[in-house]
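To keep things clear, I will list the structure first and then write my remarks on it.
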Amino acid sequence: MTSKTIRRRLHHGDVDGKKHEHLVGADLDDLQEPLLGKNDDYKAKQLEVQKREGNLYDAKSKERLHWTFLFSNIISEWAQWLARVLLGPGSFIVRALTLPSTIGSAPTKKLLPSLTPLQESRLKALQKRLEVPFDGSSLEHQDALRTLWRSAYPNRDLPGLKSEAWKDMGWQGNDPSTDFRGGGFISLENLIFFANTYPEAFQDLLNKREGDRAEWEYPFAVAGINISFMLVQMLDIQSGLPTSSSGVRFLEFLSNDELAFDELYCVAFKLMDVHWLARRASYMEFNEVIKSTRTQLERELAIEDVTSVKDLPAYNMLRR
């Protein structure tokens with residue numbers, strides 16, 4: 001998968017922080033335009049519904065979502081504080097001064113550890129997956145689409161590979177293969193992994209079960225492709241060795257779990273939806289939600305004692 005295949009995630013607290021502007025701009029500029037942005041019918045309907053959106057959120061639901069959003073961030077900040085205290089006063093001072101400059105900073109080669117054979121093997125396997133484009137003529141890829149449908153809708157008949165029914169899942173047309181646009185086969189694998197590993201959380205997002213939702217929001221499946229794109233950009237794992245602080249930390253995750261990328265994808269998707277609801281975002285704000293999601297993930301990856309995806313505070317929002 002090329003560098004134009006993936007999107008990034010930003011921490012919600014730093015969306016407007018200048019220290020991250022160069023990172024956000026570079027990655028999103030590479031994309032040229034949002035992956036969600038090419039369906040005129042969808043845009044027209046979304047803009048029409050935006051006029052009515054304000055009436056769809058009652059005060060209690062808005063307050064509940066707001067506190068969910070804040071609580072996740074508080075957990076992250078508290079965990080960082082606790083780690084600093086346990087490391088002693090000197091480490092507390094150093095950590096407080098250096099953490100903001102390392103999150104999402106330019107590549108820092110001195111952070112790069114030498115890889116263990118296990119890390120090297122798993123990183124190469126992941127990079128091989130990233131290189132595989134989605135091929136609508138491939139029988140394997142066609143079967144993967146069918147697998148995704150069965151996981152998403154176990155009680156519905158399987159449609160043809162070109163059918164209006166695919167729009168129910170959040171594909172923008174009747175042919176899902178046209179929505180990948182460089183997202184690569186891994187983005188479909190991520191969706192299937194999410195559906196099979198965390199079926200309840202997957203169904204919550206697919207069917208927009210949580211929060212007061214507008215009739216037309218982000219399309220689920222295409223948003224999933226965006227999440228894959230964002231993660232690869234953030235972790236800097238397209239080729240060679242990652243040099244960003246988040247990428248280096250991710251190498252530790254690979255030591256503990258060869259499916260760490262897929263696990264992190266599930267966390268990122270759920271976190272993106274929480275940010276979406278808390279902001280009462282509209283279609284045109286999707287990129288901003290992606291940025292704030294990335295920012296929070298980068299912060300959580302910087303927590304000292306986090307060694308696996310399941311250690312991340314945001315992981316607790318997933319329901320199996």
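In the structure tokens, each chain is lettered A, B, ... as it comes, each chain's residues begin at 1, and ligands are numbered from 1 in order of appearance.
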Excluding region 131-134 of chain A and any residue of its chain fewer than 3 positions from it, enumerate the residues within 10 Å of it, using only C-alpha atoms, and give them as a PyMOL selection string.
chain A and resi 1-2+5+126-128+137-138+141-142+177-188+238-239
Just N, CA, C and O atoms for this one: save the residues we selected as a short mmCIF file (atom, residue, chain, number, x, y, z; two decimals), in the first residue's frame.
```cif
data_model
loop_
_atom_site.label_atom_id
_atom_site.label_comp_id
_atom_site.auth_asym_id
_atom_site.auth_seq_id
_atom_site.Cartn_x
_atom_site.Cartn_y
_atom_site.Cartn_z
N MET A 1 0.85 -1.18 0.00
CA MET A 1 0.00 0.00 0.00
C MET A 1 0.89 1.23 0.00
O MET A 1 1.86 1.30 0.69
N THR A 2 0.58 2.18 -0.84
CA THR A 2 1.39 3.38 -0.94
C THR A 2 1.03 4.34 0.16
O THR A 2 0.10 4.15 0.92
N THR A 5 -2.46 5.60 0.77
CA THR A 5 -3.43 4.57 1.09
C THR A 5 -4.03 4.73 2.46
O THR A 5 -4.99 4.09 2.77
N LEU A 126 3.36 -7.55 8.25
CA LEU A 126 2.38 -6.47 8.19
C LEU A 126 2.60 -5.61 6.96
O LEU A 126 1.64 -5.23 6.27
N GLN A 127 3.84 -5.28 6.67
CA GLN A 127 4.14 -4.46 5.49
C GLN A 127 3.77 -5.18 4.20
O GLN A 127 3.37 -4.54 3.23
N LYS A 128 3.88 -6.51 4.19
CA LYS A 128 3.42 -7.27 3.03
C LYS A 128 1.93 -7.12 2.83
O LYS A 128 1.42 -7.00 1.71
N SER A 137 -11.46 -8.23 -9.16
CA SER A 137 -11.53 -9.43 -9.99
C SER A 137 -10.94 -10.66 -9.29
O SER A 137 -11.04 -11.77 -9.81
N SER A 138 -10.35 -10.45 -8.12
CA SER A 138 -9.74 -11.56 -7.38
C SER A 138 -10.82 -12.36 -6.65
O SER A 138 -11.64 -11.80 -5.92
N HIS A 141 -10.57 -11.85 -2.91
CA HIS A 141 -11.09 -10.58 -2.44
C HIS A 141 -12.61 -10.54 -2.52
O HIS A 141 -13.27 -9.95 -1.66
N GLN A 142 -13.16 -11.17 -3.54
CA GLN A 142 -14.62 -11.28 -3.64
C GLN A 142 -15.17 -12.08 -2.46
O GLN A 142 -16.19 -11.71 -1.86
N SER A 177 -16.21 -2.43 -4.47
CA SER A 177 -14.82 -2.40 -4.94
C SER A 177 -14.38 -1.02 -5.40
O SER A 177 -13.19 -0.71 -5.41
N THR A 178 -15.33 -0.16 -5.75
CA THR A 178 -14.97 1.18 -6.23
C THR A 178 -14.66 2.13 -5.09
O THR A 178 -14.19 3.25 -5.33
N ASP A 179 -14.91 1.73 -3.86
CA ASP A 179 -14.71 2.63 -2.72
C ASP A 179 -13.34 2.50 -2.07
O ASP A 179 -13.00 3.32 -1.21
N PHE A 180 -12.55 1.51 -2.44
CA PHE A 180 -11.28 1.33 -1.76
C PHE A 180 -10.27 2.41 -2.14
O PHE A 180 -9.52 2.89 -1.31
N ARG A 181 -10.22 2.79 -3.40
CA ARG A 181 -9.36 3.89 -3.84
C ARG A 181 -7.99 3.87 -3.20
O ARG A 181 -7.55 4.85 -2.61
N GLY A 182 -7.31 2.77 -3.28
CA GLY A 182 -5.98 2.69 -2.71
C GLY A 182 -5.97 2.29 -1.26
O GLY A 182 -4.92 2.18 -0.64
N GLY A 183 -7.16 2.08 -0.64
CA GLY A 183 -7.20 1.69 0.76
C GLY A 183 -6.57 0.33 0.99
O GLY A 183 -6.15 0.02 2.10
N GLY A 184 -6.51 -0.45 -0.06
CA GLY A 184 -5.84 -1.74 0.05
C GLY A 184 -6.72 -2.82 0.65
O GLY A 184 -7.71 -2.57 1.32
N PHE A 185 -6.29 -4.05 0.40
CA PHE A 185 -7.03 -5.21 0.91
C PHE A 185 -7.04 -5.25 2.43
O PHE A 185 -7.97 -5.76 3.05
N ILE A 186 -6.01 -4.67 3.05
CA ILE A 186 -5.93 -4.71 4.51
C ILE A 186 -7.12 -3.99 5.16
O ILE A 186 -7.56 -4.37 6.24
N SER A 187 -7.65 -2.97 4.50
CA SER A 187 -8.78 -2.25 5.08
C SER A 187 -10.03 -3.15 5.14
O SER A 187 -10.84 -3.03 6.06
N LEU A 188 -10.16 -4.05 4.17
CA LEU A 188 -11.26 -5.02 4.22
C LEU A 188 -10.99 -6.07 5.30
O LEU A 188 -11.89 -6.46 6.04
N GLN A 238 4.71 2.06 6.46
CA GLN A 238 4.55 1.67 5.07
C GLN A 238 5.74 0.85 4.57
O GLN A 238 5.59 -0.11 3.83
N SER A 239 6.94 1.26 4.92
CA SER A 239 8.14 0.55 4.48
C SER A 239 9.27 0.90 5.42
O SER A 239 9.28 1.94 6.06
#
```
Tell me, as a ChimeraX atom specification, which residues lie within 9 Å of Val306 (chain A), counting only C-alpha atoms; anything in the same chain fewer than 6 positions away does not count.
/A:249,253,300,312
Give me a file of those residues, with N, CA, C and O atoms, as a CSV table (one decimal), in the first residue's frame.
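Result file part21.csv:
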```csv
chain,number,residue,atom,x,y,z
A,249,ARG,N,6.7,2.8,19.5
A,249,ARG,CA,5.9,2.1,20.5
A,249,ARG,C,5.1,1.0,20.0
A,249,ARG,O,4.9,-0.1,20.6
A,253,PHE,N,4.2,-3.3,20.7
A,253,PHE,CA,2.9,-4.0,20.6
A,253,PHE,C,3.0,-5.3,19.7
A,253,PHE,O,2.4,-6.3,20.1
A,300,GLU,N,-2.2,8.2,24.1
A,300,GLU,CA,-2.3,7.0,24.8
A,300,GLU,C,-1.1,6.1,24.5
A,300,GLU,O,-0.6,5.3,25.4
A,312,LEU,N,-4.3,0.2,26.4
A,312,LEU,CA,-4.7,1.6,26.1
A,312,LEU,C,-6.1,1.9,26.8
A,312,LEU,O,-7.0,1.1,26.8
```
Please compute the CA of Leu235 (chain A)-CA of Val248 (chain A) distance, one decimal, in Å.
7.9 Å
Skipping near chain neighbours, those fewer than 4 positions away, what residues fall within 6 Å of region 151-166 of chain A using only C-alpha atoms, listed as a ChimeraX atom specification?
/A:171,174-175
Between A:Asp262, A:Glu120, A:Glu217, A:Glu189, which has the minimum distance to Gly240 (chain A) (counting only C-alpha atoms)?
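With only C-alpha atoms as the atom set, the closest residue is A:Glu120.
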So the first atom is CA of Glu140 (chain A) and the second is CA of Asn190 (chain A); what is the distance between them in Å, to one decimal place?
15.2 Å
Let me make sure I understand: among A:Ile290, A:Ala268, A:Leu254, A:Ile237, which one has the smallest atom-to-atom distance to Arg129 (chain A) if we use only C-alpha atoms?
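Looking at the shortest contact to Arg129 (chain A), the residue is A:Ile237.
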Figure out the distance between CA of Phe250 (chain A) and CA of Leu206 (chain A), please, to one decimal in Å.
27.3 Å
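Nearest residue to Asn287 (chain A), choosing from A:Thr147, A:Asn226, A:Gln119, A:Asn196 and counting only C-alpha atoms: A:Asn226.
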Can you pull out the residues contacting Pro199 (chain A)? Cut-off 12 Å, using only C-alpha atoms, and skip same-chain residues under 2 positions away; I want them as a PyMOL selection string.
chain A and resi 148+150-154+191-197+201-207+266+318-320
Could you please take those selected residues and save N, CA, C and O atoms as a tab-separated table (two decimals), in the first residue's frame?
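Below you can see selection10.tsv, which holds the result:
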```
chain	number	residue	atom	x	y	z
A	148	LEU	N	-17.50	-10.48	4.89
A	148	LEU	CA	-17.87	-9.27	5.63
A	148	LEU	C	-19.38	-9.13	5.69
A	148	LEU	O	-19.94	-8.81	6.76
A	150	ARG	N	-21.68	-11.50	5.54
A	150	ARG	CA	-22.26	-12.51	6.43
A	150	ARG	C	-22.03	-12.15	7.89
A	150	ARG	O	-22.88	-12.42	8.75
A	151	SER	N	-20.86	-11.56	8.18
A	151	SER	CA	-20.58	-11.16	9.57
A	151	SER	C	-21.44	-9.98	9.99
A	151	SER	O	-21.88	-9.90	11.14
A	152	ALA	N	-21.68	-9.08	9.06
A	152	ALA	CA	-22.45	-7.88	9.37
A	152	ALA	C	-23.95	-8.17	9.44
A	152	ALA	O	-24.66	-7.63	10.30
A	153	TYR	N	-24.42	-9.02	8.53
A	153	TYR	CA	-25.86	-9.30	8.43
A	153	TYR	C	-26.11	-10.81	8.38
A	153	TYR	O	-26.44	-11.37	7.33
A	154	PRO	N	-25.93	-11.49	9.49
A	154	PRO	CA	-26.06	-12.95	9.49
A	154	PRO	C	-27.46	-13.45	9.13
A	154	PRO	O	-27.61	-14.60	8.72
A	191	LEU	N	-11.95	-4.64	8.66
A	191	LEU	CA	-13.39	-4.67	8.92
A	191	LEU	C	-13.86	-6.07	9.33
A	191	LEU	O	-14.67	-6.23	10.26
A	192	ILE	N	-13.34	-7.08	8.64
A	192	ILE	CA	-13.73	-8.46	8.96
A	192	ILE	C	-13.24	-8.84	10.36
A	192	ILE	O	-13.97	-9.47	11.15
A	193	PHE	N	-12.01	-8.45	10.68
A	193	PHE	CA	-11.47	-8.73	12.02
A	193	PHE	C	-12.33	-8.06	13.09
A	193	PHE	O	-12.64	-8.67	14.12
A	194	PHE	N	-12.71	-6.82	12.88
A	194	PHE	CA	-13.55	-6.09	13.82
A	194	PHE	C	-14.88	-6.82	14.03
A	194	PHE	O	-15.34	-7.04	15.16
A	195	ALA	N	-15.51	-7.22	12.91
A	195	ALA	CA	-16.81	-7.88	12.99
A	195	ALA	C	-16.74	-9.20	13.75
A	195	ALA	O	-17.66	-9.54	14.51
A	196	ASN	N	-15.66	-9.94	13.57
A	196	ASN	CA	-15.55	-11.27	14.19
A	196	ASN	C	-15.00	-11.24	15.61
A	196	ASN	O	-15.31	-12.11	16.41
A	197	THR	N	-14.18	-10.23	15.93
A	197	THR	CA	-13.52	-10.20	17.24
A	197	THR	C	-14.32	-9.41	18.27
A	197	THR	O	-14.38	-9.78	19.44
A	201	ALA	N	-19.52	-4.44	19.54
A	201	ALA	CA	-19.07	-3.09	19.22
A	201	ALA	C	-19.22	-2.81	17.72
A	201	ALA	O	-19.61	-1.71	17.31
A	202	PHE	N	-18.92	-3.82	16.90
A	202	PHE	CA	-19.07	-3.67	15.44
A	202	PHE	C	-20.52	-3.37	15.09
A	202	PHE	O	-20.80	-2.45	14.30
A	203	GLN	N	-21.44	-4.13	15.64
A	203	GLN	CA	-22.86	-3.93	15.34
A	203	GLN	C	-23.36	-2.58	15.87
A	203	GLN	O	-24.19	-1.94	15.24
A	204	ASP	N	-22.83	-2.15	17.02
A	204	ASP	CA	-23.20	-0.84	17.54
A	204	ASP	C	-22.87	0.27	16.53
A	204	ASP	O	-23.67	1.18	16.31
A	205	LEU	N	-21.67	0.18	15.95
A	205	LEU	CA	-21.24	1.22	15.01
A	205	LEU	C	-21.94	1.07	13.66
A	205	LEU	O	-22.35	2.07	13.06
A	206	LEU	N	-22.06	-0.15	13.19
A	206	LEU	CA	-22.71	-0.39	11.91
A	206	LEU	C	-24.15	0.12	11.91
A	206	LEU	O	-24.59	0.78	10.96
A	207	ASN	N	-24.85	-0.16	12.99
A	207	ASN	CA	-26.27	0.20	13.08
A	207	ASN	C	-26.51	1.51	13.82
A	207	ASN	O	-27.65	1.86	14.10
A	266	CYS	N	-9.64	-1.55	15.67
A	266	CYS	CA	-10.94	-1.62	16.36
A	266	CYS	C	-11.07	-0.50	17.38
A	266	CYS	O	-12.12	0.14	17.49
A	318	LEU	N	-14.44	-0.74	23.98
A	318	LEU	CA	-14.89	-1.82	23.11
A	318	LEU	C	-15.72	-2.83	23.89
A	318	LEU	O	-15.41	-3.14	25.05
A	319	ARG	N	-16.73	-3.33	23.24
A	319	ARG	CA	-17.55	-4.39	23.84
A	319	ARG	C	-17.53	-5.58	22.90
A	319	ARG	O	-17.76	-5.44	21.71
A	320	ARG	N	-17.25	-6.75	23.46
A	320	ARG	CA	-17.21	-7.96	22.63
A	320	ARG	C	-18.61	-8.44	22.30
A	320	ARG	O	-19.52	-8.28	23.06
```
